[in-house]
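J.: Here you go, this is coords11.cif (mmCIF, C-alpha atoms and all ligand atoms).
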```cif
data_work
#
loop_
_atom_site.label_atom_id
_atom_site.label_comp_id
_atom_site.auth_asym_id
_atom_site.auth_seq_id
_atom_site.Cartn_x
_atom_site.Cartn_y
_atom_site.Cartn_z
CA MET A 1 28.33 5.43 -0.06
CA ALA A 2 25.03 6.34 1.55
CA LYS A 3 24.86 5.86 5.29
CA ASP A 4 22.61 2.99 6.34
CA ASN A 5 20.33 4.43 8.97
CA SER A 6 18.55 1.15 9.59
CA ARG A 7 18.18 0.40 13.23
CA ASP A 8 18.56 -2.76 15.19
CA THR A 9 15.08 -4.18 15.26
CA GLY A 10 15.37 -7.23 17.40
CA ASN A 11 12.27 -7.59 19.50
CA SER A 12 14.07 -5.85 22.34
CA ALA A 13 14.44 -2.77 20.12
CA VAL A 14 10.86 -1.79 19.55
CA PRO A 15 10.67 1.42 17.52
CA LYS A 16 9.14 4.43 19.15
CA LYS A 17 5.75 5.17 17.70
CA LYS A 18 6.38 8.88 17.68
CA GLY A 19 9.11 10.40 15.55
CA ARG A 20 9.17 8.75 12.18
CA GLN A 21 12.32 7.19 10.87
CA SER A 22 13.80 9.26 8.08
CA ALA A 23 16.40 7.27 6.23
CA VAL A 24 17.99 7.30 2.85
CA CYS A 25 17.03 4.24 0.86
CA ALA A 26 20.22 2.34 1.63
CA ASN A 27 18.55 -1.00 2.25
CA PRO A 28 18.01 -3.15 -0.83
CA LEU A 29 15.12 -5.07 0.80
CA TYR A 30 12.56 -2.46 -0.25
CA PRO A 31 12.50 0.01 -3.17
CA CYS A 32 13.26 3.72 -3.01
CA ALA A 33 10.94 6.75 -2.85
CA MET A 34 11.00 7.21 -6.62
CA THR A 35 9.47 3.74 -7.06
CA GLY A 36 6.78 4.56 -4.48
CA ALA A 37 5.81 7.73 -6.36
CA ALA A 38 5.74 5.79 -9.63
CA SER A 39 3.55 3.07 -8.11
CA ALA A 40 1.06 5.62 -6.71
CA LEU A 41 0.60 7.42 -10.03
CA ALA A 42 1.12 4.83 -12.77
CA GLY A 43 -2.10 3.01 -11.79
CA ILE A 44 -4.06 6.08 -12.95
CA SER A 45 -4.93 4.89 -16.42
CA ASP A 46 -5.04 8.28 -18.18
CA MET A 47 -1.88 9.61 -16.51
CA GLY A 48 1.50 9.22 -18.21
CA VAL A 49 4.30 8.75 -15.68
CA ILE A 50 7.80 9.84 -16.68
CA ILE A 51 10.82 8.81 -14.62
CA HIS A 52 13.30 11.65 -15.03
CA GLY A 53 16.58 9.82 -14.63
CA SER A 54 18.94 7.22 -15.96
CA SER A 55 18.00 3.87 -17.47
CA GLY A 56 18.95 2.23 -14.16
CA CYS A 57 16.27 4.15 -12.26
CA TYR A 58 13.68 3.40 -14.95
CA TYR A 59 14.37 -0.35 -15.07
CA TYR A 60 14.40 -0.53 -11.28
CA ALA A 61 10.92 1.04 -11.08
CA ASP A 62 9.71 -0.94 -14.09
CA MET A 63 10.70 -4.17 -12.35
CA ALA A 64 8.55 -3.31 -9.32
CA VAL A 65 5.57 -1.46 -10.86
CA PRO A 66 3.34 -3.45 -13.24
CA ASP A 67 1.85 -0.37 -14.98
CA THR A 68 3.44 1.41 -17.96
CA LEU A 69 6.24 3.87 -17.18
CA HIS A 70 8.17 6.26 -19.43
CA SER A 71 11.61 7.76 -18.91
CA THR A 72 13.93 10.51 -20.06
CA PHE A 73 16.85 8.03 -19.94
CA ILE A 74 19.31 10.83 -19.30
CA VAL A 75 23.00 10.13 -19.97
CA GLN A 76 26.25 11.95 -19.20
CA ASP A 77 25.56 14.76 -21.72
CA GLU A 78 22.40 15.84 -19.85
CA VAL A 79 24.11 15.43 -16.48
CA ILE A 80 26.90 17.80 -17.57
CA PHE A 81 25.03 20.27 -19.79
CA GLY A 82 21.53 20.15 -18.26
CA SER A 83 18.46 18.00 -18.87
CA ALA A 84 15.81 20.66 -19.64
CA GLU A 85 15.77 20.00 -23.38
CA ARG A 86 15.52 16.23 -22.99
CA LEU A 87 12.82 16.54 -20.31
CA THR A 88 10.57 18.85 -22.37
CA GLU A 89 11.07 16.65 -25.45
CA ILE A 90 9.83 13.56 -23.57
CA VAL A 91 6.96 15.44 -21.87
CA GLU A 92 5.76 16.71 -25.26
CA SER A 93 5.89 13.29 -26.82
CA VAL A 94 4.22 11.45 -23.87
CA SER A 95 1.55 14.22 -23.64
CA LYS A 96 0.15 12.97 -26.95
CA LEU A 97 -0.78 9.67 -25.27
CA TYR A 98 -2.33 10.81 -21.95
CA ASN A 99 -4.64 13.48 -20.50
CA LYS A 100 -2.31 14.13 -17.54
CA ILE A 101 1.44 13.84 -17.08
CA ALA A 102 3.44 13.22 -13.92
CA VAL A 103 7.21 13.65 -13.80
CA ILE A 104 9.17 11.93 -11.04
CA ASN A 105 12.64 13.21 -10.25
CA THR A 106 15.37 10.72 -9.40
CA CYS A 107 18.68 11.05 -7.53
CA VAL A 108 20.98 12.37 -10.26
CA PRO A 109 18.79 15.21 -11.66
CA SER A 110 17.77 16.08 -8.10
CA VAL A 111 21.44 16.45 -7.09
CA MET A 112 22.04 18.48 -10.28
CA GLY A 113 19.67 21.02 -8.73
CA GLU A 114 17.54 21.70 -11.79
CA ASP A 115 14.05 22.99 -10.96
CA ILE A 116 11.84 20.65 -12.97
CA LYS A 117 8.68 22.58 -11.98
CA GLU A 118 10.23 25.70 -13.49
CA ILE A 119 11.39 23.84 -16.62
CA LEU A 120 7.87 22.45 -17.11
CA ALA A 121 6.00 25.63 -16.12
CA ASP A 122 4.32 25.77 -19.56
CA TYR A 123 3.02 22.20 -19.30
CA ASP A 124 0.15 20.80 -17.23
CA THR A 125 2.24 18.33 -15.25
CA ILE A 126 2.45 17.04 -11.69
CA CYS A 127 6.11 17.15 -10.61
CA ILE A 128 7.31 14.97 -7.74
CA ASP A 129 10.83 15.33 -6.38
CA ALA A 130 11.23 11.80 -5.03
CA PRO A 131 14.89 10.76 -5.28
CA GLY A 132 15.92 7.65 -3.34
CA PHE A 133 17.90 9.72 -0.87
CA ILE A 134 14.69 11.12 0.68
CA GLY A 135 13.66 7.66 1.82
CA TYR A 136 11.95 4.42 1.00
CA PHE A 137 8.97 3.45 -1.14
CA ASP A 138 6.37 4.82 1.30
CA GLU A 139 7.92 8.31 1.39
CA GLY A 140 7.57 8.57 -2.39
CA TRP A 141 4.05 7.16 -2.31
CA LYS A 142 2.90 9.75 0.24
CA LEU A 143 4.62 12.59 -1.60
CA ALA A 144 2.93 11.59 -4.87
CA VAL A 145 -0.49 11.33 -3.20
CA ARG A 146 -0.10 14.83 -1.70
CA GLU A 147 0.92 16.28 -5.09
CA LEU A 148 -1.99 14.46 -6.72
CA ALA A 149 -4.41 15.96 -4.18
CA ASP A 150 -2.91 19.42 -4.70
CA SER A 151 -3.50 19.07 -8.44
CA ILE A 152 -7.29 19.10 -7.88
CA PRO A 153 -8.66 22.59 -8.53
CA ILE A 154 -10.74 23.98 -5.66
CA ASN A 155 -13.39 26.66 -5.84
CA ASN A 156 -12.25 29.13 -3.15
CA SER A 157 -15.70 30.57 -2.63
CA ASN A 158 -16.91 27.21 -1.40
CA PRO A 159 -14.25 24.94 0.04
CA ASN A 160 -16.70 22.02 0.03
CA THR A 161 -17.20 22.29 -3.69
CA ASN A 162 -15.13 20.58 -6.28
CA THR A 163 -14.95 22.91 -9.29
CA ASN A 164 -14.58 19.99 -11.67
CA THR A 165 -18.28 19.26 -11.25
CA ASP A 166 -19.60 22.08 -9.09
CA ALA A 167 -21.23 19.27 -7.14
CA PRO A 168 -21.34 19.38 -3.33
CA LEU A 169 -19.05 16.76 -1.83
CA THR A 170 -21.95 14.85 -0.30
CA ASP A 171 -23.47 14.33 -3.77
CA LEU A 172 -20.39 12.34 -4.65
CA SER A 173 -21.59 9.59 -2.31
CA LYS A 174 -24.19 8.57 -4.91
CA ASP A 175 -24.00 7.62 -8.56
CA SER A 176 -26.45 8.88 -11.21
CA LYS A 177 -28.93 6.10 -10.26
CA GLY A 178 -28.85 7.02 -6.57
CA ASN A 179 -26.69 4.04 -5.53
CA ILE A 180 -24.31 4.67 -2.63
CA ARG A 181 -20.68 4.72 -3.77
CA VAL A 182 -17.71 3.80 -1.57
CA ASN A 183 -14.01 4.22 -2.44
CA ILE A 184 -11.59 1.32 -2.25
CA ASP A 185 -8.31 2.61 -0.84
CA GLY A 186 -4.83 1.13 -0.35
CA VAL A 187 -4.52 -0.58 -3.73
CA CYS A 188 -0.74 -0.46 -4.16
CA SER A 189 0.40 -1.87 -7.51
CA MET A 190 3.73 -3.12 -6.15
CA ASP A 191 1.89 -5.39 -3.69
CA PRO A 192 1.64 -8.84 -5.35
CA PHE A 193 -1.83 -9.22 -3.75
CA HIS A 194 -3.35 -5.88 -4.78
CA LYS A 195 -5.59 -7.21 -7.55
CA GLY A 196 -6.96 -10.09 -5.49
CA SER A 197 -7.68 -7.73 -2.59
CA LEU A 198 -9.41 -5.26 -4.92
CA ILE A 199 -11.67 -8.04 -6.25
CA GLU A 200 -12.48 -9.10 -2.68
CA ALA A 201 -13.23 -5.53 -1.52
CA THR A 202 -15.55 -5.04 -4.50
CA ARG A 203 -17.33 -8.31 -3.63
CA LEU A 204 -17.82 -7.22 0.00
CA LEU A 205 -19.24 -3.84 -1.04
CA ASN A 206 -21.61 -5.57 -3.46
CA LEU A 207 -22.80 -7.90 -0.68
CA CYS A 208 -24.22 -4.79 1.02
CA GLY A 209 -25.64 -3.32 -2.18
CA LEU A 210 -22.88 -0.69 -2.41
CA LYS A 211 -21.12 0.41 -5.58
CA THR A 212 -17.42 1.12 -6.02
CA ALA A 213 -16.47 4.79 -6.33
CA ALA A 214 -12.79 5.72 -6.76
CA VAL A 215 -10.13 3.02 -6.50
CA PHE A 216 -6.92 4.47 -5.02
CA CYS A 217 -4.62 4.25 -6.92
CA HIS A 218 -5.96 2.12 -9.74
CA ASP A 219 -8.53 4.21 -11.61
CA THR A 220 -8.95 7.18 -13.96
CA TYR A 221 -7.85 10.69 -12.91
CA GLU A 222 -11.47 11.85 -13.20
CA SER A 223 -12.68 9.16 -10.81
CA ILE A 224 -9.85 9.67 -8.31
CA THR A 225 -10.47 13.40 -8.16
CA HIS A 226 -14.21 12.84 -7.51
CA PRO A 227 -14.10 10.38 -4.63
CA SER A 228 -16.97 9.42 -2.39
CA PRO A 229 -16.63 10.68 1.21
CA TYR A 230 -16.82 6.98 2.27
CA SER A 231 -13.94 4.52 1.92
CA VAL A 232 -12.70 1.08 2.85
CA SER A 233 -9.03 0.12 2.62
CA VAL A 234 -7.36 -3.11 1.52
CA ASN A 235 -4.07 -1.87 3.02
CA PRO A 236 -4.07 1.08 5.46
CA ASP A 237 -0.32 1.61 4.88
CA TYR A 238 -1.19 3.11 1.49
CA ASN A 239 -3.83 5.65 2.40
CA CYS A 240 -4.95 8.02 -0.32
CA ALA A 241 -8.71 8.52 0.09
CA ASP A 242 -8.44 10.58 3.28
CA VAL A 243 -5.81 12.87 1.71
CA MET A 244 -8.06 13.43 -1.31
CA ASN A 245 -11.17 14.04 0.78
CA ARG A 246 -9.35 16.54 3.02
CA ARG A 247 -8.29 18.43 -0.11
CA LEU A 248 -11.92 18.58 -1.26
CA ASN A 249 -13.34 19.30 2.16
CA ALA A 250 -11.11 20.84 4.83
CA ASP A 251 -13.39 19.42 7.54
CA ALA A 252 -13.26 15.85 6.26
CA ARG A 253 -12.03 13.42 8.91
CA ASN A 254 -9.97 10.26 8.51
CA SER A 255 -12.57 7.58 8.01
CA THR A 256 -11.07 4.80 5.94
CA GLY A 257 -11.58 1.47 7.69
CA SER A 258 -9.27 -1.50 7.21
CA LEU A 259 -10.35 -4.76 5.57
CA LEU A 260 -7.37 -6.76 6.88
CA GLY A 261 -8.69 -9.56 9.10
CA LEU A 262 -12.23 -10.52 10.06
CA GLU A 263 -12.42 -8.18 13.06
CA ASN A 264 -11.49 -5.20 10.91
CA VAL A 265 -13.89 -6.23 8.13
CA LEU A 266 -16.77 -6.36 10.61
CA ARG A 267 -15.81 -3.10 12.34
CA THR A 268 -15.32 -1.27 9.04
CA PHE A 269 -18.73 -2.26 7.69
CA GLU A 270 -20.46 -1.49 10.99
CA GLU A 271 -18.91 1.98 11.05
CA LEU A 272 -19.73 2.52 7.39
CA SER A 273 -23.32 1.51 8.05
CA ASP A 274 -23.53 3.90 11.04
CA ARG A 275 -22.08 6.80 9.07
CA LEU A 276 -24.42 6.25 6.13
CA THR A 277 -27.43 6.01 8.42
CA GLU A 278 -26.42 9.15 10.33
CA THR A 279 -25.72 11.21 7.21
CA ALA A 280 -28.88 12.99 6.22
CA ASP A 281 -27.72 13.33 2.59
CA ALA A 282 -27.34 9.59 2.21
CA GLY A 283 -30.17 8.75 4.62
CA ILE A 284 -30.39 5.03 3.95
CA ASP A 285 -29.80 1.83 5.86
CA ILE A 286 -27.34 -0.56 4.37
CA ASP A 287 -27.76 -4.23 5.09
CA ILE A 288 -24.51 -5.73 6.37
CA SER A 289 -26.09 -9.00 7.55
CA LYS A 290 -24.41 -11.01 4.77
CA ILE A 291 -21.01 -9.68 5.84
CA GLU A 292 -21.79 -10.49 9.49
CA SER A 293 -22.85 -14.07 8.76
CA GLU A 294 -19.91 -14.69 6.40
CA CYS A 295 -17.47 -13.37 9.02
CA GLU A 296 -19.03 -15.62 11.64
CA GLU A 297 -18.82 -18.71 9.40
CA THR A 298 -15.24 -17.89 8.42
CA ASP A 299 -14.21 -17.36 12.03
CA GLU A 300 -15.49 -20.88 12.77
CA ILE A 301 -13.54 -22.31 9.82
CA LEU A 302 -10.34 -20.59 10.95
CA THR A 303 -10.82 -21.65 14.58
CA THR A 304 -11.44 -25.27 13.54
CA GLU A 305 -8.36 -25.25 11.32
CA GLY A 306 -6.22 -23.80 14.12
CA ASP A 307 -7.54 -26.42 16.60
CA ARG A 308 -6.91 -29.22 14.12
CA TYR A 309 -3.31 -28.05 13.68
CA LEU A 310 -2.75 -27.73 17.43
CA ARG A 311 -4.03 -31.29 18.07
CA ARG A 312 -1.12 -32.58 15.98
CA HIS A 313 1.61 -29.98 16.52
CA ASP A 314 2.99 -27.52 19.03
CA PRO A 315 2.02 -23.87 18.54
CA PRO A 316 4.17 -22.50 15.69
CA ARG A 317 7.06 -20.07 16.19
CA VAL A 318 6.94 -17.59 13.33
CA ALA A 319 8.98 -14.67 11.98
CA VAL A 320 7.06 -12.08 9.94
CA TYR A 321 8.45 -9.45 7.51
CA SER A 322 6.13 -7.29 5.47
CA THR A 323 4.71 -3.79 5.33
CA TYR A 324 3.35 -2.73 8.72
CA ALA A 325 -0.36 -3.49 8.30
CA TYR A 326 0.31 -6.86 6.64
CA THR A 327 2.83 -7.77 9.37
CA GLU A 328 0.30 -6.97 12.08
CA PHE A 329 -2.42 -8.91 10.26
CA ALA A 330 -0.21 -12.01 9.85
CA CYS A 331 0.82 -11.82 13.54
CA ASP A 332 -2.86 -11.60 14.54
CA MET A 333 -3.70 -14.71 12.52
CA ILE A 334 -0.81 -16.71 14.01
CA ALA A 335 -1.55 -15.62 17.59
CA ASN A 336 -5.36 -15.76 17.50
CA TYR A 337 -6.00 -18.96 15.58
CA MET A 338 -2.82 -21.02 16.17
CA ASP A 339 -1.76 -19.80 19.60
CA GLY A 340 1.59 -19.17 17.89
CA GLU A 341 4.61 -17.20 19.04
CA ILE A 342 6.03 -14.32 17.01
CA VAL A 343 9.79 -14.80 17.37
CA HIS A 344 10.61 -11.68 15.37
CA ALA A 345 8.60 -9.23 13.28
CA ALA A 346 9.79 -6.19 11.36
CA ALA A 347 8.05 -3.88 8.92
CA ARG A 348 9.39 -2.70 5.57
CA ASN A 349 8.02 0.77 6.34
CA ASN A 350 7.59 3.07 9.30
CA PRO A 351 4.91 2.07 11.82
CA PRO A 352 1.71 4.11 11.55
CA ASP A 353 1.29 7.26 13.61
CA SER A 354 0.61 6.36 17.21
CA ASP A 355 -2.90 7.78 17.18
CA LEU A 356 -3.94 5.28 14.50
CA ASN A 357 -3.70 2.29 16.81
CA GLY A 358 -3.47 3.85 20.25
CA GLY A 359 0.30 3.43 20.33
CA GLU A 360 -0.07 -0.32 20.85
CA ASN A 361 2.47 -2.74 19.43
CA PRO A 362 1.58 -6.14 20.92
CA TYR A 363 3.89 -8.11 18.61
CA ASN A 364 6.89 -5.78 19.04
CA ILE A 365 6.93 -5.13 15.30
CA GLY A 366 10.25 -3.48 14.56
CA GLY A 367 11.04 -0.86 11.96
CA ILE A 368 12.98 -1.16 8.72
CA CYS A 369 15.88 -3.59 8.98
CA THR A 370 18.37 -5.13 6.60
CA LEU A 371 18.62 -8.73 5.47
CA HIS A 372 21.88 -8.93 7.40
CA GLN A 373 20.04 -7.94 10.61
CA ILE A 374 17.26 -10.44 9.91
CA LYS A 375 19.82 -13.21 9.35
CA GLU A 376 21.64 -12.34 12.54
CA ILE A 377 18.46 -12.26 14.64
CA LEU A 378 16.93 -15.45 13.21
CA SER A 379 20.20 -17.39 13.42
CA LYS A 380 19.89 -17.15 17.21
CA LYS A 381 16.24 -18.24 17.36
CA ASP A 382 14.26 -21.42 16.82
CA PHE A 383 11.43 -20.92 14.39
CA ASP A 384 9.05 -23.04 12.31
CA LEU A 385 8.00 -20.59 9.59
CA ILE A 386 9.05 -17.35 7.93
CA ILE A 387 6.46 -15.06 6.33
CA GLY A 388 8.14 -12.50 4.08
CA SER A 389 9.60 -11.91 0.62
CA SER A 390 11.89 -13.86 -1.68
CA PHE A 391 14.83 -12.21 0.09
CA GLU A 392 14.06 -14.01 3.35
CA HIS A 393 13.32 -17.17 1.38
CA ALA A 394 16.75 -16.96 -0.30
CA ALA A 395 18.45 -16.33 3.06
CA PHE A 396 16.78 -19.36 4.68
CA PRO A 397 16.06 -21.70 1.73
CA ASP A 398 15.49 -24.76 3.94
CA SER A 399 12.87 -23.12 6.16
CA ALA A 400 9.11 -23.34 5.73
CA PHE A 401 8.10 -20.11 4.04
CA VAL A 402 4.99 -18.13 3.03
CA GLY A 403 5.33 -15.20 0.60
CA LEU A 404 3.46 -12.07 1.67
CA THR A 405 5.79 -9.25 0.62
CA PHE A 406 7.27 -7.78 -2.55
CA PRO A 407 9.26 -9.26 -4.23
CA ILE A 408 7.79 -12.74 -4.60
CA ARG A 409 9.93 -14.32 -7.32
CA HIS A 410 10.42 -17.89 -6.26
CA ARG A 411 6.91 -18.94 -7.31
CA LYS A 412 4.35 -18.03 -9.94
CA MET A 413 1.71 -15.40 -9.03
CA LEU A 414 -0.66 -15.72 -12.00
CA TYR A 415 -3.81 -16.11 -9.93
CA ASP A 416 -5.06 -12.96 -8.13
CA ARG A 417 -4.80 -13.95 -4.48
CA PRO A 418 -6.38 -11.64 -1.88
CA VAL A 419 -4.90 -10.68 1.48
CA ALA A 420 -7.72 -8.30 2.44
CA GLY A 421 -11.27 -9.23 3.32
CA ILE A 422 -12.83 -12.53 4.30
CA GLN A 423 -11.20 -14.42 1.44
CA GLY A 424 -7.87 -12.83 2.37
CA ALA A 425 -8.06 -14.25 5.90
CA LEU A 426 -8.90 -17.69 4.48
CA TYR A 427 -6.08 -17.47 1.93
CA LEU A 428 -3.46 -16.58 4.52
CA MET A 429 -4.58 -19.32 6.94
CA ASP A 430 -4.59 -21.82 4.09
CA GLU A 431 -1.01 -20.93 3.15
CA ILE A 432 0.27 -20.87 6.73
CA SER A 433 -1.21 -24.18 7.88
CA GLU A 434 -0.41 -25.99 4.62
CA THR A 435 3.20 -24.77 4.68
CA LEU A 436 3.66 -25.53 8.36
CA GLU A 437 2.41 -29.09 7.90
CA ASN A 438 4.35 -29.80 4.73
CA GLY A 439 7.43 -27.84 5.79
CA ASN A 440 9.89 -26.69 3.17
CA LYS A 441 8.72 -29.39 0.78
CA LYS A 442 5.91 -27.07 -0.30
CA SER A 443 7.20 -23.65 0.72
CA ASN A 444 5.03 -20.91 -0.70
S1 LIG A 501 16.07 7.25 -7.66
FE1 LIG A 501 18.07 7.03 -6.66
S2 LIG A 501 17.81 5.29 -5.22
FE2 LIG A 501 16.09 5.23 -6.70
S3 LIG A 501 16.76 3.86 -8.35
FE3 LIG A 501 17.34 5.93 -8.99
S4 LIG A 501 19.45 6.23 -8.25
FE4 LIG A 501 18.60 4.44 -7.15
#
```
Once you've parsed the file, please lay out its structure as structure tokens.

T.:
Amino acid sequence: MAKDNSRDTGNSAVPKKKGRQSAVCANPLYPCAMTGAASALAGISDMGVIIHGSSGCYYYADMAVPDTLHSTFIVQDEVIFGSAERLTEIVESVSKLYNKIAVINTCVPSVMGEDIKEILADYDTICIDAPGFIGYFDEGWKLAVRELADSIPINNSNPNTNTNTDAPLTDLSKDSKGNIRVNIDGVCSMDPFHKGSLIEATRLLNLCGLKTAAVFCHDTYESITHPSPYSVSVNPDYNCADVMNRRLNADARNSTGSLLGLENVLRTFEELSDRLTETADAGIDIDISKIESECEETDEILTTEGDRYLRRHDPPRVAVYSTYAYTEFACDMIANYMDGEIVHAAARNNPPDSDLNGGENPYNIGGICTLHQIKEILSKKDFDLIIGSSFEHAAFPDSAFVGLTFPIRHRKMLYDRPVAGIQGALYLMDEISETLENGNKKSN
């Protein structure tokens, strides 16, 4: 059995920011690397994604990823005698349906040692070796994004030129009518809130007269490989735009601002405005006054709601479990508007590199931990609310609960709820205060 490398993530065991945790996916709380690679690529509408593995791997990914997936469904014959014939047969048949094909390797064929790139050398495919034993969802996502970026042809005579269009990179900041285009990054299909956040990010861009360029990773291959140099992100844990822009322009710098929380929304649009004004090629002022006034109004609403709650109740004690950026965002909301205490917080993925947030970790957000660890830690603490996934809800069915993390199975999710942007902040506060006041009678 695979060794569980999860670490004790009680608040006393804050993970070091440097030195990323590399663990096999031995923790059933979050999917494996193969699922992350599938999620990153299957949202590209003209790309066929083939899971090279058994039916178990396919159905596991299919359960988590809402977009269409294909599979080789290998059985014992291919495991013993080789899977090359089966793989090429499926690639040929799926190639009739899509412009591009991606093949994702799973544990068994990876252990078999077959070189799928070599087997598929005659086909125009992106091959990602992302078996679960290399890590969790995020490892696979990042691997797939790097392979996707590497698949973009570059004109060597001019590293700033994308040979697909022969257009200078800066031209990609405008559409054919001269409108400024901005990418929306961090759209991760496994996140139950990705569609709502995408709608909200589009609305915020439109408020400033900006158009949407590439949506990572929920767009066509053509659009994703011709991104604007400017981006905003609905979830910085799932960065793709900066990787793509660095592939197109070696000098491109990380510039994707977060839209999680009002402070980030404001900062991101201010920085975007400054960059567009400074850039001679764009050379226009964008009007962010509507964003500023909406943020101000919303901050007042959230402050009033927090004060109203605190007039009737003690500050809440809350445990938070989600991906890193969502965990930090939820902690911020609890601390800033409700004066609440974070009794325990742990991320489903590795914390970001230290230089992304100055190495700060004010809420002691721990790294990946198991449900057993969460149960053990929370059983020794008093808390009023858990924010997490259906796993935490199942472990503490009588506790007040807000769903923020995949999987959310204990309630319907038909309506596209946002977590990012101004509406995202309102949504989260709405859920938290409503659930706290009505307790487990209306756990969301
Ligand atoms: S790739 Fe490996 S860890 Fe992932 S579902 Fe398949 S067997 Fe399990």

J.: Kindly compile the residues surrounding ligand LIG 501 (chain A) within 12 Å, counting only C-alpha atoms and all ligand atoms, and format them as a VMD selection string.

T.: chain A and resid 1 to 2 23 to 28 30 to 38 51 to 64 71 73 to 74 104 to 111 128 to 137 139 to 140

J.: Could the residues in this selection be written to a file with C-alpha atoms, as a short mmCIF file (atom, residue, chain, number, x, y, z; two decimals), keeping the file's coordinate frame?

T.:
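Once everything was written out, this is selection27.cif:
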```cif
data_model
loop_
_atom_site.label_atom_id
_atom_site.label_comp_id
_atom_site.auth_asym_id
_atom_site.auth_seq_id
_atom_site.Cartn_x
_atom_site.Cartn_y
_atom_site.Cartn_z
CA MET A 1 28.33 5.43 -0.06
CA ALA A 2 25.03 6.34 1.55
CA ALA A 23 16.40 7.27 6.23
CA VAL A 24 17.99 7.30 2.85
CA CYS A 25 17.03 4.24 0.86
CA ALA A 26 20.22 2.34 1.63
CA ASN A 27 18.55 -1.00 2.25
CA PRO A 28 18.01 -3.15 -0.83
CA TYR A 30 12.56 -2.46 -0.25
CA PRO A 31 12.50 0.01 -3.17
CA CYS A 32 13.26 3.72 -3.01
CA ALA A 33 10.94 6.75 -2.85
CA MET A 34 11.00 7.21 -6.62
CA THR A 35 9.47 3.74 -7.06
CA GLY A 36 6.78 4.56 -4.48
CA ALA A 37 5.81 7.73 -6.36
CA ALA A 38 5.74 5.79 -9.63
CA ILE A 51 10.82 8.81 -14.62
CA HIS A 52 13.30 11.65 -15.03
CA GLY A 53 16.58 9.82 -14.63
CA SER A 54 18.94 7.22 -15.96
CA SER A 55 18.00 3.87 -17.47
CA GLY A 56 18.95 2.23 -14.16
CA CYS A 57 16.27 4.15 -12.26
CA TYR A 58 13.68 3.40 -14.95
CA TYR A 59 14.37 -0.35 -15.07
CA TYR A 60 14.40 -0.53 -11.28
CA ALA A 61 10.92 1.04 -11.08
CA ASP A 62 9.71 -0.94 -14.09
CA MET A 63 10.70 -4.17 -12.35
CA ALA A 64 8.55 -3.31 -9.32
CA SER A 71 11.61 7.76 -18.91
CA PHE A 73 16.85 8.03 -19.94
CA ILE A 74 19.31 10.83 -19.30
CA ILE A 104 9.17 11.93 -11.04
CA ASN A 105 12.64 13.21 -10.25
CA THR A 106 15.37 10.72 -9.40
CA CYS A 107 18.68 11.05 -7.53
CA VAL A 108 20.98 12.37 -10.26
CA PRO A 109 18.79 15.21 -11.66
CA SER A 110 17.77 16.08 -8.10
CA VAL A 111 21.44 16.45 -7.09
CA ILE A 128 7.31 14.97 -7.74
CA ASP A 129 10.83 15.33 -6.38
CA ALA A 130 11.23 11.80 -5.03
CA PRO A 131 14.89 10.76 -5.28
CA GLY A 132 15.92 7.65 -3.34
CA PHE A 133 17.90 9.72 -0.87
CA ILE A 134 14.69 11.12 0.68
CA GLY A 135 13.66 7.66 1.82
CA TYR A 136 11.95 4.42 1.00
CA PHE A 137 8.97 3.45 -1.14
CA GLU A 139 7.92 8.31 1.39
CA GLY A 140 7.57 8.57 -2.39
#
```

J.: May I have the residues at most 12 Å from (19.7, -15.3, 10.8) in the file's coordinates, counting all atoms listed in the file, as a ChimeraX atom specification?

T.: /A:10,319,343-344,370-383,386,392-397,399

J.: Given the point (-27.5, 1.1, 5.0) in the file's coordinates, find the residues that have an atom at most 10 Å from it, counting only C-alpha atoms, and give them as JSON, numbers by chain.

T.: {"A": [180, 208, 209, 210, 269, 270, 272, 273, 274, 275, 276, 277, 278, 282, 283, 284, 285, 286, 287, 288]}

J.: To one decimal place in Å, what is the distance between CA of Asp299 in chain A and CA of Gln423 in chain A?

T.: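 A separation of 11.4 Å between them.
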
J.: May I ask which of the residues A:Asp138, A:Gly306, A:Pro418, A:Gly403 is the closest one to Pro351 in chain A, counting only C-alpha atoms?

T.: A:Asp138

J.: For CA of Asn183 in chain A and CA of Ala347 in chain A, determine how far apart the two atoms are, in Å to one decimal place.

T.: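 Between these atoms lies a distance of 26.1 Å.
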
J.: If you count only C-alpha atoms, which residues fall within 9 Å of Ala420 in chain A, apart from same-chain ones fewer than 4 positions away, as JSON, numbers by chain?

T.: {"A": [193, 194, 196, 197, 198, 200, 201, 233, 234, 235, 258, 259, 260, 261, 265, 424, 425]}

J.: How far is it from CA of Asn249 in chain A to CA of Thr125 in chain A, in Å with one decimal?

T.: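 Between these atoms lies a distance of 23.4 Å.
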
J.: Nearest to Ile301 in chain A among A:Leu29, A:Met413, A:Leu426, A:Cys369, with distances taken over all atoms listed in the file: which residue is it?

T.: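 Looking at the shortest contact to Ile301 in chain A, the residue is A:Leu426.
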
J.: I want to know what sits within 12 Å of Glu89 in chain A, based on all atoms listed in the file, with residues of the same chain fewer than 3 positions away left out; could you give that as a list in words?

T.: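 Here the answer would be Ile50, His52, Ser71, Thr72, Phe73, Ile74, Ser83, Ala84, Glu85, Arg86, Glu92, Ser93, Val94, Ser95, Lys96, Ile119, Leu120 and Tyr123 of chain A.
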
J.: Which residues come within 9 Å of range 240-246 of chain A, counting all atoms listed in the file, excluding same-chain residues fewer than 6 positions away, as a ChimeraX atom specification?

T.: /A:142,145-146,148-150,152,169,183-186,214-217,224-233,252-256

J.: Here is a test: counting only C-alpha atoms, which residue of A:Glu147, A:Asp77, A:Glu222, A:Glu118 is nearest to Asn99 in chain A?

T.: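 Counting only C-alpha atoms, the residue closest to Asn99 in chain A is A:Glu222.
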